[in-house]
Each structure stands twice: as structure tokens, then as C-alpha cells.
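K.L.:
One structure, pasted below without further comment.
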Amino acid sequence: MSFPASAPVLSDVRRALAVFAHPDDVDFGCTGTIAGWVDEGVEVAYLIITRGDAGGFDDTDRAEIPRLREAEQRAAAAIAGVRQVDFLDGYPDGTLTSTLALRRDIAAAIRRFRPDRVLTSSPLRRWELLTGPSHPDHLAVGEATTCAIYPDARNPFAFPELLAEGLEPWVVREVWYAGGPAPDHAVDITDRYDRKVAAMRAHHSQTAHLDVPAWIHDRLAAVAADAGLPPGRLAEAFTVLRTT
């Protein structure tokens, strides 16, 4: 199973919401693209489902990890030009499934922010790469977000308690999936490479053991080459689907 070919990208997007499982997920895959949207005048917000309490590579006190990783994500978002970063409570890292509660919380965020575009992780597993993009939390958030987009956020009869909170139905017109199989919409981020590196370095608890510039450069160069971009270019890749 894979995605269909990407749809043409909408040209009139004013707001975009990125929904990801952990602090740093959005920066590993999408910072260069998001920085470009911000540069074009799109208002971008992040919704992070967990505070990454199962992450880290050193002997930092585990009780400090959620606070540390939230601060790292806010710093990374600022580098990309994103001012609004929201975290959900009650969802421990490593335990996510596409529950009704998670769908409701994501639908509430969609109705609150009212984005034209949602960017999230792929709900489809990449069988050739069982690490990274195929983390169960990533797949669960991709599935829950997809369900929140349709039907939950747009259906006035789904989660009626949201109406009682003043959250009116909202139609997301476009979805970008990151980390899925065979992404076919490449975004040239060569001019924003330095910002991506800086955003990744902001996640010090996750990336201090990496040679971040070289590690990122090699991966972005491979994506660009697969997309047929000229030598020396760097890219992130997605699948883009319409909902209407």
C-alpha cells in the first residue's frame, strides 16, 4: 500500500498546522519547508502530542526530560519563524495509538487554529525503513490526524462537546504527509539549510551525538537527487493530498 500521486499544491494557503508526536519530529523532516512557508507569509503553528519523555541519549535526570525537550522545541520553532507551539497533556512518549481521545484533541486544535493545510507524519509504514519514520507513535499520530481532518474537524456532530466550547467545524483543504513511502513532492530548501541545521541543533538532548551539518546534508542531498534536482541542491520530500 502506498499513497497516490501528490496533488498540485494550493496557492492560497494562509495558515498551516504541523501535528507531530515528539519534539524534534517536525525539525528532522520539515523545518526547511516550514521556514519557506513562513517566509511566504503563511502563519504556521505546531501541535506536539508528547513531550518526548522516552527520548535522550545521556544520563540526564529522566524527570527533567519533558521540560527540557519542550524548551528545545520552542527554540527550534523560533528559528523557523514559528511562534505558536502547543503541547497536549496526558499522552506519554512511546504509547500513542489512534484513540478517539487523541482524535478529539487534534480536531479541537484544528478547529481552534483553522488551518488551510495540515502537515503530519505518514500513517503508512515504510517497510524498507523500519526505524525513524516508522516509529509507532509517528504512525499513530498520522492516522489520528487524518481522522481528525476527516470527518472529525468538519463534522458538527462529531465530538459535540467541541461545539459547546465554541469550536465551530472547520475544513482542512490540504494535507502534507512526511516520512511516508515514495514521497513525490520535493521542496528545494538549499537556501534554508543553515536554519534547518540550527533548528536541529536546538534539540541538543537528541542531536549532541551527531555531526548535524553532515548528517542532514547527506540526507537532503539524496532526497534532492531522487527528485531530479540539479547537483548541489538540497530538498525535503512529502506526499500532498487534497480533502475537497
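Convention: chains lettered A, B, ... in C-alpha cells order; per-chain residue numbering from 1; ligands numbered from 1 as shown.
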Report as a PyMOL selection string: the residues of region 159-226 of chain A with a DSSP assignment of strand (DSSP E), based on the backbone of this structure.

P.N.:
chain A and resi 174-178+185-188

K.L.:
Could you pull the residues within 8 Å of region 81-91 of chain A, counting only C-alpha atoms, minus those fewer than 3 positions along the same chain, as a PyMOL selection string?

P.N.:
chain A and resi 35+38+43-51+74+77-78+95-96+105

K.L.:
For the selection just defined, write its residues with all heavy atoms to a file, as a compact mmCIF listing (two decimals), in the first residue's frame.

P.N.:
```
# COMPACT_ATOMS: atom_id res chain seq x y z
N ALA A 35 10.04 26.83 7.19
CA ALA A 35 10.66 28.15 7.14
C ALA A 35 10.32 28.86 5.84
O ALA A 35 10.11 30.09 5.82
CB ALA A 35 12.17 28.02 7.31
N VAL A 38 6.79 30.22 6.13
CA VAL A 38 6.78 31.44 6.96
C VAL A 38 7.30 32.62 6.16
O VAL A 38 6.74 33.73 6.21
CB VAL A 38 7.62 31.22 8.23
CG1 VAL A 38 7.78 32.53 9.00
CG2 VAL A 38 6.98 30.16 9.13
N GLU A 43 1.03 31.70 8.16
CA GLU A 43 1.10 31.58 9.62
C GLU A 43 1.13 30.09 9.97
O GLU A 43 0.21 29.35 9.62
CB GLU A 43 -0.11 32.25 10.26
CG GLU A 43 -0.09 32.20 11.78
CD GLU A 43 -1.32 32.83 12.41
OE1 GLU A 43 -2.18 33.33 11.65
OE2 GLU A 43 -1.44 32.79 13.65
N VAL A 44 2.16 29.66 10.66
CA VAL A 44 2.34 28.24 10.97
C VAL A 44 2.30 28.06 12.48
O VAL A 44 2.88 28.85 13.24
CB VAL A 44 3.68 27.71 10.41
CG1 VAL A 44 3.84 26.23 10.73
CG2 VAL A 44 3.76 27.94 8.90
N ALA A 45 1.64 27.00 12.92
CA ALA A 45 1.62 26.61 14.34
C ALA A 45 1.98 25.14 14.44
O ALA A 45 1.78 24.36 13.50
CB ALA A 45 0.25 26.86 14.95
N TYR A 46 2.51 24.75 15.61
CA TYR A 46 2.85 23.36 15.88
C TYR A 46 1.93 22.81 16.97
O TYR A 46 1.64 23.50 17.96
CB TYR A 46 4.28 23.22 16.40
CG TYR A 46 5.40 23.54 15.43
CD1 TYR A 46 6.71 23.58 15.88
CD2 TYR A 46 5.16 23.78 14.08
CE1 TYR A 46 7.76 23.87 15.04
CE2 TYR A 46 6.20 24.08 13.21
CZ TYR A 46 7.51 24.12 13.70
OH TYR A 46 8.55 24.42 12.86
N LEU A 47 1.52 21.56 16.80
CA LEU A 47 0.86 20.80 17.85
C LEU A 47 1.69 19.54 18.07
O LEU A 47 1.79 18.69 17.18
CB LEU A 47 -0.57 20.42 17.46
CG LEU A 47 -1.32 19.57 18.50
CD1 LEU A 47 -1.60 20.38 19.76
CD2 LEU A 47 -2.62 19.01 17.92
N ILE A 48 2.30 19.44 19.25
CA ILE A 48 3.15 18.30 19.58
C ILE A 48 2.41 17.45 20.61
O ILE A 48 1.97 17.95 21.65
CB ILE A 48 4.51 18.76 20.13
CG1 ILE A 48 5.13 19.83 19.22
CG2 ILE A 48 5.44 17.57 20.31
CD1 ILE A 48 5.40 19.39 17.79
N ILE A 49 2.27 16.17 20.33
CA ILE A 49 1.40 15.32 21.14
C ILE A 49 2.04 14.92 22.47
O ILE A 49 1.37 14.84 23.49
CB ILE A 49 0.98 14.05 20.35
CG1 ILE A 49 0.40 14.45 18.98
CG2 ILE A 49 -0.02 13.24 21.14
CD1 ILE A 49 -0.77 15.40 19.03
N THR A 50 3.33 14.63 22.47
CA THR A 50 4.03 14.25 23.71
C THR A 50 5.15 15.25 23.98
O THR A 50 5.48 16.08 23.13
CB THR A 50 4.65 12.86 23.61
OG1 THR A 50 5.89 12.92 22.88
CG2 THR A 50 3.72 11.86 22.94
N ARG A 51 5.74 15.13 25.14
CA ARG A 51 6.92 15.93 25.47
C ARG A 51 8.21 15.12 25.37
O ARG A 51 9.24 15.50 25.91
CB ARG A 51 6.77 16.57 26.85
CG ARG A 51 5.78 17.74 26.84
CD ARG A 51 5.53 18.29 28.23
NE ARG A 51 4.74 19.52 28.18
CZ ARG A 51 3.41 19.56 28.03
NH1 ARG A 51 2.73 18.44 27.89
NH2 ARG A 51 2.77 20.72 28.00
N ARG A 74 10.54 24.67 21.42
CA ARG A 74 10.18 26.09 21.28
C ARG A 74 11.33 26.88 20.67
O ARG A 74 11.12 27.78 19.85
CB ARG A 74 9.76 26.65 22.64
CG ARG A 74 8.48 26.03 23.17
CD ARG A 74 7.96 26.74 24.42
NE ARG A 74 6.82 26.03 24.99
CZ ARG A 74 5.57 26.09 24.52
NH1 ARG A 74 5.31 26.86 23.47
NH2 ARG A 74 4.60 25.41 25.09
N ALA A 77 11.46 26.01 16.95
CA ALA A 77 10.36 26.66 16.23
C ALA A 77 10.67 28.12 15.96
O ALA A 77 10.39 28.64 14.87
CB ALA A 77 9.07 26.53 17.03
N ALA A 78 11.25 28.81 16.93
CA ALA A 78 11.58 30.22 16.76
C ALA A 78 12.56 30.41 15.62
O ALA A 78 12.49 31.40 14.88
CB ALA A 78 12.15 30.78 18.06
N THR A 95 3.69 5.44 23.68
CA THR A 95 2.45 4.69 23.95
C THR A 95 1.29 5.13 23.07
O THR A 95 0.15 4.73 23.32
CB THR A 95 2.03 4.87 25.43
OG1 THR A 95 1.59 6.22 25.64
CG2 THR A 95 3.18 4.54 26.38
N LEU A 96 1.54 5.92 22.04
CA LEU A 96 0.44 6.52 21.29
C LEU A 96 -0.28 5.50 20.42
O LEU A 96 0.34 4.65 19.77
CB LEU A 96 0.95 7.66 20.42
CG LEU A 96 1.62 8.83 21.14
CD1 LEU A 96 2.01 9.90 20.15
CD2 LEU A 96 0.70 9.40 22.23
N ASP A 105 -8.75 15.61 20.52
CA ASP A 105 -7.82 16.68 20.87
C ASP A 105 -7.20 17.33 19.63
O ASP A 105 -6.99 18.55 19.59
CB ASP A 105 -6.72 16.14 21.79
CG ASP A 105 -7.23 15.87 23.20
OD1 ASP A 105 -8.34 16.35 23.54
OD2 ASP A 105 -6.52 15.18 23.96
```

K.L.:
Just how far from CA of Val172 (chain A) is CA of Asp12 (chain A), in Å to one decimal?

P.N.:
12.7 Å

K.L.:
Applying 6 Å and only C-alpha atoms, which residues near region 135-147 of chain A remain after dropping the ones on its own chain fewer than 6 positions away? List them as a ChimeraX atom specification.

P.N.:
/A:21,96-98,103,120-123

K.L.:
Of the residues A:His209, A:Arg114, A:Arg219, A:Arg173, which is the one nearest to Thr244 (chain A), using only C-alpha atoms?

P.N.:
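With only C-alpha atoms as the atom set, the closest residue is A:Arg173.
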
K.L.:
Can you list every residue in region 6-244 of chain A that DSSP puts in helix (DSSP H, G or I), as a VMD selection string?

P.N.:
chain A and resid 25 to 39 62 to 80 100 to 113 132 to 134 136 to 152 160 to 164 190 to 202 204 to 207 212 to 226

K.L.:
Write out as a ChimeraX atom specification which residues come within 7 Å of Arg154 (chain A) when counting only C-alpha atoms, dropping same-chain ones fewer than 4 positions away.

P.N.:
/A:150,169-171

K.L.:
One decimal, in Å: what's the spacing between CA of Val212 (chain A) and CA of Asp24 (chain A)?

P.N.:
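Here the two named atoms are 13.1 Å from each other.
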
K.L.:
Using only C-alpha atoms, pick whichever of A:Glu70, A:Asp61, A:Glu236, A:Asp226 has the shortest atom-to-atom distance to Gly32 (chain A).

P.N.:
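Of A:Glu70, A:Asp61, A:Glu236, A:Asp226, the one nearest Gly32 (chain A) is A:Glu236, counting only C-alpha atoms.
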